[in-house]
file work-v8.txt (compact mmCIF, C-alpha atoms and all ligand atoms)
# COMPACT_ATOMS: atom_id res chain seq x y z
CA MET Q 1 99.95 83.60 82.19
CA ALA Q 2 103.02 81.36 82.09
CA PHE Q 3 106.25 82.83 83.43
CA GLN Q 4 108.30 83.90 80.37
CA LEU Q 5 112.08 84.31 80.34
CA ASN Q 6 111.86 87.26 77.94
CA ASN Q 7 109.90 89.20 80.60
CA VAL Q 8 112.68 88.69 83.14
CA VAL Q 9 115.35 91.31 83.71
CA PRO Q 10 117.93 89.44 85.80
CA TRP Q 11 119.67 91.61 88.39
CA GLY Q 12 121.37 90.02 91.40
CA ARG Q 13 122.76 91.27 94.69
CA ASN Q 14 125.47 89.77 96.90
CA LEU Q 15 125.77 88.47 100.48
CA GLU Q 16 127.07 91.75 101.91
CA GLU Q 17 124.09 93.61 100.43
CA TYR Q 18 121.63 90.99 101.73
CA GLN Q 19 123.18 91.24 105.20
CA MET Q 20 122.78 95.04 105.16
CA MET Q 21 119.29 95.12 103.59
CA PHE Q 22 117.91 92.48 105.97
CA GLN Q 23 119.99 93.35 109.06
CA LEU Q 24 121.24 89.78 109.22
CA ASP Q 25 123.62 89.71 112.17
CA GLU Q 26 125.77 86.68 113.04
CA SER Q 27 122.97 84.95 114.96
CA ASP Q 28 120.39 85.52 112.17
CA ILE Q 29 122.63 84.38 109.33
CA SER Q 30 123.39 81.09 111.13
CA LYS Q 31 119.67 80.24 111.14
CA LYS Q 32 117.79 78.33 108.42
CA ILE Q 33 117.04 80.93 105.74
CA ALA Q 34 114.74 80.91 102.70
CA GLY Q 35 115.11 83.57 99.99
CA PHE Q 36 112.00 84.12 97.85
CA GLY Q 37 112.62 85.70 94.44
CA ASP Q 38 116.41 85.42 94.96
CA GLY Q 39 116.88 85.17 91.19
CA PRO Q 40 120.51 85.48 90.08
CA ALA Q 41 121.79 86.83 93.44
CA SER Q 42 125.11 85.45 94.75
CA PHE Q 43 123.70 85.49 98.30
CA ASN Q 44 122.99 81.74 98.33
CA TYR Q 45 126.44 80.71 97.05
CA GLU Q 46 128.37 83.09 99.32
CA ALA Q 47 126.34 82.14 102.41
CA THR Q 48 126.72 78.42 101.60
CA GLN Q 49 130.51 78.89 101.28
CA LYS Q 50 130.53 80.29 104.82
CA GLY Q 51 128.65 77.25 106.11
CA TYR Q 52 125.19 78.88 106.40
CA SER Q 53 121.92 77.27 105.31
CA VAL Q 54 120.13 79.16 102.52
CA THR Q 55 117.45 77.81 100.16
CA SER Q 56 116.43 80.10 97.28
CA PHE Q 57 113.08 79.98 95.49
CA ASP Q 58 112.40 81.65 92.14
CA PRO Q 59 110.50 80.94 88.91
CA ILE Q 60 113.68 81.59 86.90
CA TYR Q 61 115.15 78.36 88.29
CA GLN Q 62 113.06 76.48 85.71
CA PHE Q 63 115.51 77.70 83.03
CA THR Q 64 118.94 76.31 82.14
CA LYS Q 65 122.24 78.00 82.98
CA GLU Q 66 122.72 78.83 79.27
CA GLN Q 67 119.25 80.42 78.99
CA LEU Q 68 119.85 82.57 82.08
CA GLN Q 69 123.35 83.54 80.94
CA GLN Q 70 121.98 84.62 77.57
CA ARG Q 71 119.18 86.64 79.17
CA ILE Q 72 121.66 88.39 81.50
CA GLU Q 73 123.78 89.39 78.48
CA GLU Q 74 120.69 90.55 76.53
CA THR Q 75 119.41 92.84 79.28
CA ARG Q 76 122.71 94.17 80.69
CA VAL Q 77 122.98 97.18 78.35
CA THR Q 78 119.31 98.17 78.71
CA VAL Q 79 119.45 98.04 82.51
CA MET Q 80 122.67 100.07 82.66
CA LYS Q 81 121.16 102.64 80.28
CA GLN Q 82 118.12 102.98 82.56
CA MET Q 83 120.42 103.40 85.57
CA GLU Q 84 122.38 106.09 83.72
CA GLU Q 85 119.16 107.99 82.96
CA ASN Q 86 118.10 107.80 86.62
CA THR Q 87 121.33 108.37 88.57
CA ASP Q 88 119.59 111.01 90.72
CA SER Q 89 117.29 108.37 92.15
CA PHE Q 90 120.20 106.60 93.85
CA VAL Q 91 122.59 107.26 96.75
CA TRP Q 92 126.16 106.87 95.51
CA THR Q 93 128.03 106.32 98.77
CA ASN Q 94 128.57 102.57 99.19
CA ILE Q 95 128.52 102.07 95.43
CA LYS Q 96 130.45 105.03 93.98
CA ASN Q 97 129.42 105.13 90.33
CA LEU Q 98 127.79 103.31 87.41
CA ASP Q 99 130.93 101.33 86.53
CA GLU Q 100 131.21 100.01 90.07
CA LEU Q 101 127.51 99.16 90.06
CA GLU Q 102 127.84 97.19 86.82
CA ASP Q 103 130.91 95.36 88.19
CA ILE Q 104 129.17 94.42 91.45
CA ARG Q 105 125.95 93.20 89.78
CA MET Q 106 127.71 91.33 86.96
CA SER Q 107 130.12 89.61 89.38
CA ALA Q 108 127.21 88.58 91.64
CA MET Q 109 125.40 87.08 88.63
CA LYS Q 110 128.58 85.38 87.35
CA VAL Q 111 129.09 83.75 90.76
CA PHE Q 112 125.42 82.65 90.74
CA LEU Q 113 125.71 81.13 87.25
CA GLU Q 114 128.86 79.20 88.20
CA ASP Q 115 127.07 77.78 91.25
CA TYR Q 116 123.66 77.27 89.61
CA GLU Q 117 123.84 73.62 88.46
CA LYS Q 118 125.51 72.40 91.67
CA GLY Q 119 123.06 74.44 93.74
CA LYS Q 120 120.11 72.91 91.90
CA GLN Q 121 121.43 69.39 92.58
CA GLU Q 122 121.85 70.31 96.24
CA LYS Q 123 118.28 71.73 96.26
CA ARG Q 124 119.53 75.20 97.19
CA TYR Q 125 117.85 76.69 94.07
CA ILE Q 126 114.23 75.58 93.85
CA TYR Q 127 111.83 76.43 91.04
CA HIS Q 128 108.82 78.04 92.70
CA GLU Q 129 106.46 80.87 91.90
CA LEU Q 130 104.75 82.73 94.74
CA PRO Q 131 101.98 82.54 95.90
CA GLU Q 132 101.83 78.81 95.02
CA GLY Q 133 101.85 76.44 97.98
CA LEU Q 134 105.13 74.62 98.61
CA SER Q 135 105.35 70.95 99.57
CA ILE Q 136 107.32 71.97 102.63
CA GLU Q 137 106.23 71.62 106.25
CA ASP Q 138 105.13 74.57 108.36
CA ASN Q 139 107.94 76.49 110.11
CA THR Q 140 110.73 74.72 108.19
CA PHE Q 141 112.74 77.95 107.97
CA ASP Q 142 113.61 80.47 110.67
CA ILE Q 143 113.70 83.51 108.37
CA GLY Q 144 112.15 84.09 104.93
CA LEU Q 145 113.49 86.97 102.83
CA SER Q 146 112.18 88.92 99.85
CA SER Q 147 114.49 91.49 98.27
CA HIS Q 148 113.22 93.76 95.52
CA PHE Q 149 110.13 91.72 94.71
CA LEU Q 150 107.24 91.78 97.22
CA LEU Q 151 105.65 95.22 97.81
CA MET Q 152 107.62 96.50 94.81
CA TYR Q 153 105.54 94.91 92.01
CA THR Q 154 102.31 96.59 93.14
CA ALA Q 155 100.56 95.73 89.84
CA LEU Q 156 100.37 92.13 91.09
CA GLY Q 157 97.72 93.41 93.50
CA TYR Q 158 96.81 93.21 97.19
CA ASP Q 159 95.49 89.61 97.09
CA PHE Q 160 98.68 88.35 95.45
CA HIS Q 161 100.77 89.99 98.17
CA ILE Q 162 98.62 88.67 101.02
CA GLN Q 163 98.70 85.13 99.60
CA ALA Q 164 102.44 85.25 98.86
CA ILE Q 165 103.41 86.57 102.30
CA SER Q 166 100.99 84.11 103.97
CA GLU Q 167 102.69 81.18 102.24
CA MET Q 168 106.09 82.53 103.28
CA LEU Q 169 104.80 82.82 106.86
CA ARG Q 170 103.53 79.25 106.74
CA VAL Q 171 106.99 77.83 105.99
CA CYS Q 172 109.03 80.48 107.88
CA LYS Q 173 108.84 81.68 111.49
CA GLU Q 174 109.66 85.23 110.43
CA VAL Q 175 109.52 87.17 107.15
CA ARG Q 176 111.64 90.18 106.15
CA ILE Q 177 110.85 92.31 103.08
CA PHE Q 178 113.10 95.04 101.61
CA PRO Q 179 112.71 97.75 100.35
CA LEU Q 180 109.26 99.26 100.91
CA LEU Q 181 109.29 101.08 97.57
CA ASP Q 182 107.42 100.41 94.33
CA LEU Q 183 108.99 100.16 90.87
CA ALA Q 184 108.86 103.96 90.47
CA GLY Q 185 110.87 104.40 93.68
CA GLU Q 186 107.84 105.77 95.58
CA ASP Q 187 106.59 104.41 98.93
CA SER Q 188 104.72 101.20 98.09
CA GLU Q 189 100.95 101.76 98.12
CA MET Q 190 100.60 98.20 99.40
CA ILE Q 191 102.41 98.73 102.67
CA GLN Q 192 99.69 100.05 105.03
CA ASP Q 193 97.10 97.46 103.97
CA VAL Q 194 99.62 94.63 104.24
CA ILE Q 195 100.67 95.77 107.74
CA GLN Q 196 97.02 96.05 108.85
CA TYR Q 197 96.31 92.53 107.61
CA PHE Q 198 99.26 90.80 109.27
CA LYS Q 199 99.05 92.84 112.51
CA GLU Q 200 95.90 90.89 113.38
CA LYS Q 201 97.93 87.70 113.91
CA TYR Q 202 101.63 88.57 114.02
CA THR Q 203 104.13 91.11 115.34
CA VAL Q 204 104.81 93.60 112.55
CA GLU Q 205 107.60 96.16 112.61
CA ILE Q 206 109.25 98.60 110.18
CA ARG Q 207 112.99 99.03 110.82
CA ASP Q 208 115.29 101.72 109.42
CA THR Q 209 118.32 100.31 107.62
CA GLU Q 210 121.73 101.90 107.15
CA TYR Q 211 121.66 100.43 103.64
CA GLU Q 212 120.13 102.86 101.15
CA PHE Q 213 120.92 102.61 97.45
CA GLN Q 214 117.56 103.63 95.97
CA LYS Q 215 116.68 106.98 97.54
CA GLY Q 216 114.13 106.30 100.30
CA GLY Q 217 114.93 102.56 100.13
CA ASN Q 218 116.08 102.36 103.76
CA LYS Q 219 113.17 100.56 105.39
CA LEU Q 220 112.72 96.88 106.20
CA LEU Q 221 109.42 95.19 107.02
CA VAL Q 222 109.68 92.42 109.65
CA ILE Q 223 106.71 90.10 110.34
CA LYS Q 224 107.22 87.64 113.21
CA LYS Q 225 105.06 84.80 114.51
C1 LIG Q 301 114.50 92.37 90.90
S1 LIG Q 301 114.77 90.65 91.06
C2 LIG Q 301 115.54 90.57 92.67
C3 LIG Q 301 116.55 89.45 92.77
C4 LIG Q 301 117.18 89.27 94.15
N1 LIG Q 301 116.19 89.13 95.19
C5 LIG Q 301 118.10 90.43 94.49
O1 LIG Q 301 117.68 91.33 95.24
O2 LIG Q 301 119.23 90.44 94.02
C6 LIG Q 301 113.14 90.04 91.33
C7 LIG Q 301 113.05 88.52 91.33
O3 LIG Q 301 111.71 88.13 91.61
C8 LIG Q 301 111.44 86.95 90.89
N2 LIG Q 301 110.00 86.72 90.76
C9 LIG Q 301 109.14 87.18 89.82
N3 LIG Q 301 107.90 86.69 90.02
C10 LIG Q 301 107.98 85.87 91.12
C11 LIG Q 301 107.03 85.08 91.83
N4 LIG Q 301 105.74 85.00 91.47
N5 LIG Q 301 107.47 84.38 92.92
C12 LIG Q 301 108.76 84.46 93.31
N6 LIG Q 301 109.69 85.20 92.68
C13 LIG Q 301 109.31 85.90 91.60
C14 LIG Q 301 112.12 87.22 89.54
O4 LIG Q 301 112.31 86.02 88.81
C15 LIG Q 301 113.41 87.88 89.99
O5 LIG Q 301 114.44 86.94 90.15
call {"tool": "encode", "arguments": {"input": "work-v8.txt", "output": "structure tokens"}}
result
Amino acid sequence: MAFQLNNVVPWGRNLEEYQMMFQLDESDISKKIAGFGDGPASFNYEATQKGYSVTSFDPIYQFTKEQLQQRIEETRVTVMKQMEENTDSFVWTNIKNLDELEDIRMSAMKVFLEDYEKGKQEKRYIYHELPEGLSIEDNTFDIGLSSHFLLMYTALGYDFHIQAISEMLRVCKEVRIFPLLDLAGEDSEMIQDVIQYFKEKYTVEIRDTEYEFQKGGNKLLVIKK
């Protein structure tokens, strides 16, 4: 089925959150990074401003700035209402309350929208839908990231995940996936099978992160060649 904008609920995180989720220290962040499913995150813009190399891939990059802006406005109230109904599922230490959360997410998405057209021209935002093959050479990137997409959308199935992560591992020397929870905030049912599969060929490790916003969302999967 074609990727539809009215099925997308845009929600973007910032550079500081990416650094914490993915444990990107100074040496990691200076490497060539690919973000898969980066959506409307401000990670790419902020990292680029600091002189780092980040290329983001997402199916939403087929839409115009105006279409994305409109969709962000349409979904904002619904998402915040859902957050309000589920405050107990989150750890309110770094982000103190719902107002702060809304501010952080909306400013990240505003920054993304302002950068979007320039970033597309500079090929920093590339329209791509996993698990499709990319016309990019093997090992082009040092690190490939997936935040709040892979392992979370378990309904996409095991084969989708294996194919998507395999394509990431073709173009990246290392892949990091965060968090290891599904959409209900439970441990992803995918995780053990995915680890078993990639352990055959690669070094696979689960790391604890200091970052934890969703309760239990403090684990990072690292797969290295
Ligand atoms: C919850 S958002 C996370 C955005 C960003 N990674 C962040 O953490 O701020 C999930 C993203 O996955 C993207 N996505 C959905 N299907 C995808 C696919 N088949 N391949 C790559 N990205 C996809 C969506 O468009 C959306 O931008």
call {"tool": "closest_residue", "arguments": {"input": "work-v8.txt", "among": "Q:Asp187, Q:Glu117, Q:Glu129, Q:Asp182", "to": "Phe160 of chain Q", "atoms": "only C-alpha atoms"}}
result
Q:Glu129
call {"tool": "residues_around", "arguments": {"input": "work-v8.txt", "residues": "segment 38-50 of chain Q", "least_positions_apart": "3", "cutoff": "6 Å", "atoms": "only C-alpha atoms", "output": "MDAnalysis selection string"}}
result
chainID Q and resid 12:15 35 54 56 58 108:109 111:112
call {"tool": "residues_around", "arguments": {"input": "work-v8.txt", "residues": "Glu84 of chain Q", "least_positions_apart": "5", "cutoff": "10 Å", "atoms": "only C-alpha atoms", "output": "mmCIF file with C-alpha atoms, in the frame of the given file"}}
result
data_model
loop_
_atom_site.group_PDB
_atom_site.id
_atom_site.type_symbol
_atom_site.label_atom_id
_atom_site.label_comp_id
_atom_site.auth_asym_id
_atom_site.auth_seq_id
_atom_site.Cartn_x
_atom_site.Cartn_y
_atom_site.Cartn_z
ATOM 1 C CA THR Q 78 119.310 98.170 78.710
ATOM 2 C CA VAL Q 79 119.450 98.040 82.510
ATOM 3 C CA ASN Q 97 129.420 105.130 90.330
ATOM 4 C CA LEU Q 98 127.790 103.310 87.410
#
call {"tool": "closest_residue", "arguments": {"input": "work-v8.txt", "among": "Q:Tyr158, Q:Phe149, Q:Phe63, Q:Tyr52", "to": "ligand LIG 301 (chain Q)", "atoms": "all atoms listed in the file"}}
result
Q:Phe149
call {"tool": "atom_distance", "arguments": {"input": "work-v8.txt", "atom1": "atom CA of Ser27 of chain Q", "atom2": "atom CA of Asp208 of chain Q"}}
result
19.3 Å
call {"tool": "closest_residue", "arguments": {"input": "work-v8.txt", "among": "Q:Glu137, Q:Glu186, Q:Glu17, Q:Glu73", "to": "ligand LIG 301 (chain Q)", "atoms": "only C-alpha atoms and all ligand atoms"}}
result
Q:Glu17
call {"tool": "atom_distance", "arguments": {"input": "work-v8.txt", "atom1": "atom CA of Lys219 of chain Q", "atom2": "atom CA of Ile72 of chain Q"}}
result
28.1 Å
call {"tool": "axis_aligned_box", "arguments": {"input": "work-v8.txt", "around": "ligand LIG 301 (chain Q)", "padding_each_side": "8 Å", "output": "JSON"}}
result
{"center_x": 112.5, "center_y": 88.4, "center_z": 92.0, "size_x": 29.5, "size_y": 24.0, "size_z": 22.4}
call {"tool": "closest_residue", "arguments": {"input": "work-v8.txt", "among": "Q:Phe90, Q:Phe141, Q:Tyr18, Q:Tyr125", "to": "ligand LIG 301 (chain Q)", "atoms": "only C-alpha atoms and all ligand atoms"}}
result
Q:Tyr18
